[in-house]
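For reference, the structure is listed below as structure tokens.
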Amino acid sequence: MSPELLLAGAIGVALALYFLFGGADFGGGVWDLLASGPRAAAQRRAIAAAIGPVWEANHVWLILVVVILFTGFPPAFSTISVALHVPLTLFLVGVVLRGSAFAFRSLDMSGHRGQQRYGLVFSMASTIAPVLLGTIVGALVSGNIRVQDGLVASGFFAPWLAPFPLAVGAFALALCALLAATYLTVETSDPALREDFRRRALAAAIAVGLTALVAFVLAGDGAPRVRAALAARRWSWPFHLLTGAAALTAIAALATRRFRLARVAVAAQTVLILFGWALAQYPYLVVPDVTVQSAAASARTQRLLLLALAAGLPVLVPSLVLLFRVFKSSVREDRAP
Amino acid sequence: MPIDWNGLAYARSQMGISLAFHIVFAAAGVALPALMVIADITHRRTRDPEYLLLSKQLAKGTSILFAVGAVSGTVLSFELGLLWPRFMGKFGESIGLPFALEGFAFFTEAIFLGIYLYGRGKVSPGMHLASGIAVAVSGAASALFVTLVSAFMNGPGGTDPIAAMASPSWPYQVVHVLLSCYQATAWAMVAIAGFILLRNPTRTLHRKALALALPMACLTALVQPLSGDRSAKHLAVAQPLKLAAAEAHLHTGGRAALHVGGIPDLETGEFHGALPIPGGLSFLAFGDFDATVTGLDAFPRDEWPPVLGVRTAFQVMVGAGSAMALAAIAIIVAVMRRRRVPDSRRWLLAFVALGPLGFVSLEAGWLVTEWGRQPWIVRGLMRTADAVTDFPYKAGAFWLFTIVYVFLGVAVVYLLAKQITAADKPHESAGPAHVA
């Protein structure tokens, strides 16, 4: 495989991991915002306990995506940064507010009022950020970002402030909510709380299906090239069947309270969706003017970057495994506040 | 000089505010884990529960500061493209390697901080301590990798990724930056402990915090001037324009004077109200009172950095650094004479007054380096004005981030103040101490 394909693959893997882990943290914020019923406070505590030890690490996948993109494909990074300046900036504000409000909330000792204030910032920002992230992805595949002579020629609003990218944003939000609710069913030992998250996961699964349908329909006008690829390539229908099977398995597992299976199925569904998107978008980084090949850095830079990534993995992987084994391997007892 | 509030100025201000904000948290993220681990190890050695409490409080502080540092660092990695897309389009591949390695260092820092903060009692004590050490080491590694990028921008050794990573000034800059992280954080901790002891002289916990931070504060304060001297001698050869700007040295010539304080006149090269040390600059730059020092006049005016700003920042950095170095000598003499940490009211007041100087000189030193690089974004290869984005609404983005950072800054100060005053109440410290 050529180095630029390996690097594009690395971006895809890092993005998938960001979604699986960081996306679930966003989803946790969504359920914090929507916490309700007699166990609202317990729901929020379970979410905070699940996110606390891991969110900083989950967040670094995004940095890895950015670094591989600007090192391996500098002109693509530059184009994306210019064309999507507004949604990227808003997304970053969301990331900043979410992360700091979460850290502040866990340390604020001014009592209930302060907790609520930071909690609201955390949950609002967690809800808005994935919508923007999805919108950014939608704009990248829409084909409406145009580059002429190395300059962005399509304006700063039109490519992303359109029905299709916003539908992808809603889809991303639903997916984050599904991931979080499903993970949370495994991370609480209180049966009532588990039922709360199970119902939320089922609702989110339906929302994922609906938003996916809307996005697919809107793609007819909004992202014709990628939709054609999704509908007509040799791999596309088996891939859709696989994704659909994962989605149905997740719903069935949630319905029959097989939570560990549901967690695996939801994760598989997410990874399949992301890889399906990546395959449909290939060879474009920004449809239709920037491709993996046209934006690739020099062969030497690509080789060196691959070496750096290969050197980092032996440190990263065991550390991550340790982190998740310490905090996620067994059901945690819910601690009193 | 009137400021032209065009888009470039907004973009530069946004980058400047983001960096000025981030480096406070980044520096604390490098040094606080080290202090936390030292407290932890001292607890294991002495079995003194107060050291355990101290390491827990430092861990709490680390968790707030690291969280804000992490998110503001994420913003910066995007801002490189949002504000300077032409720079990233052209040089992204040159500076990518250190950023990729920094990414892994950041990963390990985040992972082991999670284990250290939340894993007490879930992992073995040895594993817990090792996690703390991993946080401290990877924090230092992050700072190292990021500084390599700054060294490239200030004096690129070449655009090849490996050559760019080893730009000529990297060893000088990396040592200076790492020392400044430990120095700034340790002095801030000295000031906080001093402040609490002033209000409540019986707090043994904060006497121990003081004793923990003072060795790091004194050691770095004494070593940093040596590192600065090496950096200045390197600059005299490698980046003579930056040194000339830092000293507002106009005319190339031998036996160049060093001017302390005062205001330079850039047309005549005279100084108003400065204390001149004849031959001082020549000695500083080359170790020879008669050596020729390149002045600003050797360079076309449109390549000058903002001289007044760079010189002011340099004077602040050197002044604050000298004050801390002198204080370190006085502290060491006092400790040797009394055989214990000086803690009279007068000393505590001095600690509170000196404490902020570490971060003041860190920010000032950063300004010297990056203002002194202007008008280039990569010295000699690309001007800042040629790197800036075409995005037309730069003012909007600037104000948005400014408001967010002001809000965050206020919230962090408020929360840390609450943490510290809560720790000030004796009854709160009793609980965890008994648990230990």
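Ordered as shown in the structure tokens, chains take letters A, B, and onward, while each chain numbers its residues from 1 and ligands are numbered from 1 in the order shown.
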
Original post:
Please, which residues of stretch 181-298 of chain A, numbered as in this document, come out alpha helix (DSSP H) from DSSP, as a ChimeraX atom specification?
Top reply: /A:181-186,191-222,224-232,236-255,259-281,292-295

Could you build a table of the residues in chain B lying no more than 7 Å from chain A, giving for each the nearest pair of atoms and their separation in Å rounded to one decimal place, using only C-alpha atoms, ordered by chain and ascending residue number, as CSV?
residue,atom,partner,partner_atom,distance
B:Ile64,CA,A:Ala103,CA,5.8
B:Ala67,CA,A:Ser100,CA,6.0
B:Val68,CA,A:Ser100,CA,5.5
B:Val71,CA,A:Val96,CA,5.1
B:Ser72,CA,A:Val96,CA,6.6
B:Thr74,CA,A:Ile63,CA,6.5
B:Val75,CA,A:Leu92,CA,6.0
B:Gly81,CA,A:Ser81,CA,5.3
B:Leu82,CA,A:Ser81,CA,4.8
B:Pro85,CA,A:Ser78,CA,4.6
B:Arg86,CA,A:Ser78,CA,6.7
B:Met88,CA,A:Pro74,CA,6.2
B:Gly89,CA,A:Pro74,CA,4.5
B:Lys90,CA,A:Pro74,CA,6.9
B:Gly92,CA,A:Thr71,CA,5.1
B:Glu93,CA,A:Thr71,CA,4.2
B:Gly96,CA,A:Thr71,CA,4.6
B:Leu97,CA,A:Leu305,CA,6.1
B:Phe99,CA,A:Val67,CA,6.5
B:Ala100,CA,A:Val67,CA,6.0
B:Leu101,CA,A:Ala308,CA,6.7
B:Gly103,CA,A:Leu64,CA,6.1
B:Phe104,CA,A:Gly312,CA,5.9
B:Phe107,CA,A:Ala57,CA,5.9
B:Thr108,CA,A:Leu316,CA,6.7
B:Ala110,CA,A:Ala57,CA,5.0
B:Ile111,CA,A:Ala57,CA,5.3
B:Gly114,CA,A:Pro53,CA,4.5
B:Ile115,CA,A:Leu323,CA,6.5
B:Tyr118,CA,A:Pro53,CA,6.0
B:Lys122,CA,A:Val326,CA,6.9
B:Pro161,CA,A:Thr301,CA,6.4
B:Thr389,CA,A:Val82,CA,6.7
B:Phe391,CA,A:Val82,CA,6.3
B:Leu415,CA,A:Asp108,CA,6.5

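Candidate residues A:Val186, A:Gly169, A:Leu33, A:Val141 were compared for distance to A:Gln116, and the nearest is A:Leu33, using only C-alpha atoms.
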
**OP:** Write out as a PyMOL selection string which residues come within 10 Å of B:Gly372 when counting only C-alpha atoms, dropping same-chain ones fewer than 3 positions away.
**Re:** chain B and resi 154+239+241-246+304-307+309-311+313-314+366-369+375-376

Can I get the selected residues back with C-alpha atoms, as a PDB file, in the first residue's frame?
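Heads up, here's the output in result_1.pdb:
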ATOM      1  CA  ASN B 154      12.756  31.305  14.684  1.00  0.00           C
ATOM      2  CA  GLN B 239      19.871  35.579  15.154  1.00  0.00           C
ATOM      3  CA  LEU B 241      18.722  40.927  14.639  1.00  0.00           C
ATOM      4  CA  LYS B 242      16.703  39.505  17.531  1.00  0.00           C
ATOM      5  CA  LEU B 243      19.452  40.256  20.043  1.00  0.00           C
ATOM      6  CA  ALA B 244      19.841  43.773  18.609  1.00  0.00           C
ATOM      7  CA  ALA B 245      16.091  44.311  19.002  1.00  0.00           C
ATOM      8  CA  ALA B 246      16.073  42.887  22.523  1.00  0.00           C
ATOM      9  CA  TRP B 304      12.959  44.794  12.079  1.00  0.00           C
ATOM     10  CA  PRO B 305      10.737  43.284  14.697  1.00  0.00           C
ATOM     11  CA  PRO B 306       8.742  45.692  16.898  1.00  0.00           C
ATOM     12  CA  VAL B 307      11.877  46.869  18.727  1.00  0.00           C
ATOM     13  CA  GLY B 309       8.021  45.812  22.491  1.00  0.00           C
ATOM     14  CA  VAL B 310      10.774  43.219  22.197  1.00  0.00           C
ATOM     15  CA  ARG B 311      13.158  45.288  24.328  1.00  0.00           C
ATOM     16  CA  ALA B 313       9.709  42.266  27.201  1.00  0.00           C
ATOM     17  CA  PHE B 314      13.410  41.428  27.376  1.00  0.00           C
ATOM     18  CA  TRP B 366       7.955  34.025  25.057  1.00  0.00           C
ATOM     19  CA  LEU B 367       7.177  37.535  23.750  1.00  0.00           C
ATOM     20  CA  VAL B 368      10.885  38.210  23.166  1.00  0.00           C
ATOM     21  CA  THR B 369      11.183  35.032  21.111  1.00  0.00           C
ATOM     22  CA  PRO B 375       7.894  40.161  10.546  1.00  0.00           C
ATOM     23  CA  TRP B 376       8.580  36.516   9.703  1.00  0.00           C
TER      24      TRP B 376
END

Subject >> Close residues, A:Arg194 itself excluded, 10 Å, only C-alpha atoms, min 2 positions apart in chain, as an NGL selection string >> reply: :A and (43 or 181-182 or 184-192 or 196-200 or 257 or 259)

Subject >> Two-atom distance - atom CA of A:His112, atom CA of B:Ala417 (Å) >> reply: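 Interatomic distance here is 18.3 Å.
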
**OP:** Within stretch 186-261 of chain B, find each residue whose DSSP state, derived from the backbone, is strand (DSSP E or B), and express the selection as a ChimeraX atom specification.
**Re:** /B:253,258-260

Subject >> Gap from atom CA of B:Leu144 to atom CA of B:Val175 - Å, one decimal >> reply: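 So the two atoms, atom CA of B:Leu144 and atom CA of B:Val175, lie 8.5 Å apart.
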
Subject >> B:Val30 environment, 8 Å, only C-alpha atoms, sequence neighbours closer than 6 positions dropped, as a PyMOL selection string >> reply: chain B and resi 136+139-140+143+181-182

Subject >> Separation of atom CA of B:Thr220 from atom CA of B:Leu349 in Å >> reply: 20.8 Å

Might you pull out every residue within 10 Å of stretch 49-62 of chain B, with only C-alpha atoms counted and same-chain residues fewer than 6 positions away left off, and present them as a CSV table (one decimal) with N, CA and C atoms, in the first residue's frame?
chain,number,residue,atom,x,y,z
A,103,ALA,N,-14.2,19.8,34.0
A,103,ALA,CA,-13.2,19.8,35.0
A,103,ALA,C,-13.6,20.7,36.2
A,106,SER,N,-16.3,19.2,38.5
A,106,SER,CA,-15.9,18.1,39.4
A,106,SER,C,-15.1,18.7,40.6
A,107,LEU,N,-14.7,20.0,40.5
A,107,LEU,CA,-13.9,20.5,41.6
A,107,LEU,C,-14.6,21.7,42.3
B,25,PHE,N,-1.0,27.4,31.4
B,25,PHE,CA,-1.5,26.0,31.8
B,25,PHE,C,-0.5,24.9,31.3
B,28,ALA,N,2.3,24.9,33.8
B,28,ALA,CA,1.9,24.3,35.1
B,28,ALA,C,1.7,22.8,34.9
B,29,GLY,N,1.3,22.4,33.7
B,29,GLY,CA,1.1,21.0,33.4
B,29,GLY,C,2.4,20.2,33.3
B,30,VAL,N,3.5,20.9,33.0
B,30,VAL,CA,4.8,20.3,33.0
B,30,VAL,C,5.3,20.1,34.5
B,31,ALA,N,5.2,21.2,35.3
B,31,ALA,CA,5.9,21.2,36.5
B,31,ALA,C,5.0,20.7,37.7
B,32,LEU,N,3.7,21.0,37.7
B,32,LEU,CA,2.9,20.6,38.9
B,32,LEU,C,3.0,19.1,39.1
B,33,PRO,N,2.9,18.2,38.0
B,33,PRO,CA,3.0,16.8,38.3
B,33,PRO,C,4.3,16.4,38.9
B,34,ALA,N,5.4,17.1,38.6
B,34,ALA,CA,6.7,16.8,39.2
B,34,ALA,C,6.6,17.1,40.7
B,35,LEU,N,6.0,18.3,41.1
B,35,LEU,CA,5.9,18.6,42.5
B,35,LEU,C,5.0,17.6,43.2
B,36,MET,N,3.9,17.2,42.5
B,36,MET,CA,2.9,16.3,43.0
B,36,MET,C,3.6,14.9,43.3
B,37,VAL,N,4.5,14.5,42.4
B,37,VAL,CA,5.2,13.2,42.6
B,37,VAL,C,6.2,13.3,43.7
B,38,ILE,N,6.9,14.5,43.8
B,38,ILE,CA,7.8,14.7,44.9
B,38,ILE,C,7.1,14.6,46.3
B,39,ALA,N,5.9,15.2,46.3
B,39,ALA,CA,5.2,15.2,47.6
B,39,ALA,C,4.8,13.7,47.9
B,40,ASP,N,4.4,13.0,46.8
B,40,ASP,CA,3.9,11.6,47.0
B,40,ASP,C,5.1,10.8,47.5
B,41,ILE,N,6.3,11.0,46.9
B,41,ILE,CA,7.4,10.2,47.3
B,41,ILE,C,7.8,10.5,48.7
B,42,THR,N,7.7,11.8,49.1
B,42,THR,CA,8.1,12.2,50.4
B,42,THR,C,7.1,11.6,51.4
B,43,HIS,N,5.9,11.5,51.0
B,43,HIS,CA,4.9,10.8,51.9
B,43,HIS,C,5.3,9.4,52.1
B,68,VAL,N,-7.7,22.6,31.2
B,68,VAL,CA,-7.8,23.9,30.4
B,68,VAL,C,-6.6,23.9,29.4
B,69,GLY,N,-5.4,23.4,29.9
B,69,GLY,CA,-4.3,23.4,28.9
B,69,GLY,C,-4.6,22.5,27.7
B,113,LEU,N,-2.5,10.7,33.8
B,113,LEU,CA,-3.2,11.6,34.7
B,113,LEU,C,-4.5,11.0,35.2
B,116,TYR,N,-3.7,8.4,37.6
B,116,TYR,CA,-3.3,9.0,38.9
B,116,TYR,C,-4.4,9.6,39.7
B,117,LEU,N,-5.2,10.4,39.0
B,117,LEU,CA,-6.3,11.1,39.7
B,117,LEU,C,-7.4,10.2,40.2
B,132,GLY,N,2.1,8.7,38.1
B,132,GLY,CA,2.5,10.1,38.4
B,132,GLY,C,3.8,10.5,37.7
B,189,MET,N,3.9,28.5,43.5
B,189,MET,CA,3.6,27.7,44.7
B,189,MET,C,4.2,28.3,45.9
B,204,THR,N,0.9,23.8,59.4
B,204,THR,CA,2.1,23.0,59.1
B,204,THR,C,2.1,22.5,57.6
B,205,LEU,N,0.9,22.2,57.1
B,205,LEU,CA,0.8,21.7,55.7
B,205,LEU,C,1.5,22.7,54.8
B,206,HIS,N,1.2,24.0,54.9
B,206,HIS,CA,1.8,24.9,54.0
B,206,HIS,C,3.2,25.2,54.2
B,208,LYS,N,5.2,22.8,54.8
B,208,LYS,CA,5.7,21.7,54.1
B,208,LYS,C,5.7,22.0,52.6
B,209,ALA,N,4.5,22.6,52.1
B,209,ALA,CA,4.4,23.0,50.7
B,209,ALA,C,5.5,24.0,50.4
B,212,LEU,N,8.7,22.2,50.1
B,212,LEU,CA,8.7,21.4,48.9
B,212,LEU,C,9.1,22.2,47.6
B,412,VAL,N,-11.0,29.9,36.3
B,412,VAL,CA,-9.9,29.1,36.9
B,412,VAL,C,-9.3,29.8,38.1
B,415,LEU,N,-11.8,29.3,40.9
B,415,LEU,CA,-11.8,27.9,41.5
B,415,LEU,C,-10.6,27.6,42.3
B,416,LEU,N,-9.4,28.0,41.7
B,416,LEU,CA,-8.2,27.7,42.4
B,416,LEU,C,-8.1,28.4,43.8
B,419,GLN,N,-10.2,26.5,46.1
B,419,GLN,CA,-9.5,25.3,46.5
B,419,GLN,C,-8.5,25.6,47.6
B,420,ILE,N,-7.8,26.7,47.4
B,420,ILE,CA,-6.7,27.1,48.3
B,420,ILE,C,-7.3,27.6,49.6
B,423,ALA,N,-8.5,24.6,51.6
B,423,ALA,CA,-7.4,23.9,52.2
B,423,ALA,C,-6.9,24.7,53.4
B,429,SER,N,-8.6,19.5,56.4
B,429,SER,CA,-7.4,18.7,56.1
B,429,SER,C,-7.4,17.5,57.0
B,430,ALA,N,-8.2,17.5,58.1
B,430,ALA,CA,-8.1,16.4,59.0
B,430,ALA,C,-8.6,15.1,58.4
B,431,GLY,N,-9.7,15.2,57.6
B,431,GLY,CA,-10.3,14.0,57.0
B,431,GLY,C,-9.4,13.1,56.3
B,432,PRO,N,-8.9,13.5,55.1
B,432,PRO,CA,-8.0,12.6,54.3
B,432,PRO,C,-6.8,12.2,55.1
B,433,ALA,N,-6.3,13.1,56.0
B,433,ALA,CA,-5.1,12.8,56.7
B,433,ALA,C,-5.3,11.5,57.6
B,434,HIS,N,-6.6,11.4,58.2
B,434,HIS,CA,-6.8,10.3,59.0
B,434,HIS,C,-7.0,9.0,58.2
B,435,VAL,N,-7.6,9.2,57.0
B,435,VAL,CA,-7.7,8.0,56.1
B,435,VAL,C,-6.3,7.4,55.8
B,436,ALA,N,-5.4,8.3,55.6
B,436,ALA,CA,-4.0,7.8,55.3
B,436,ALA,C,-3.5,7.1,56.5
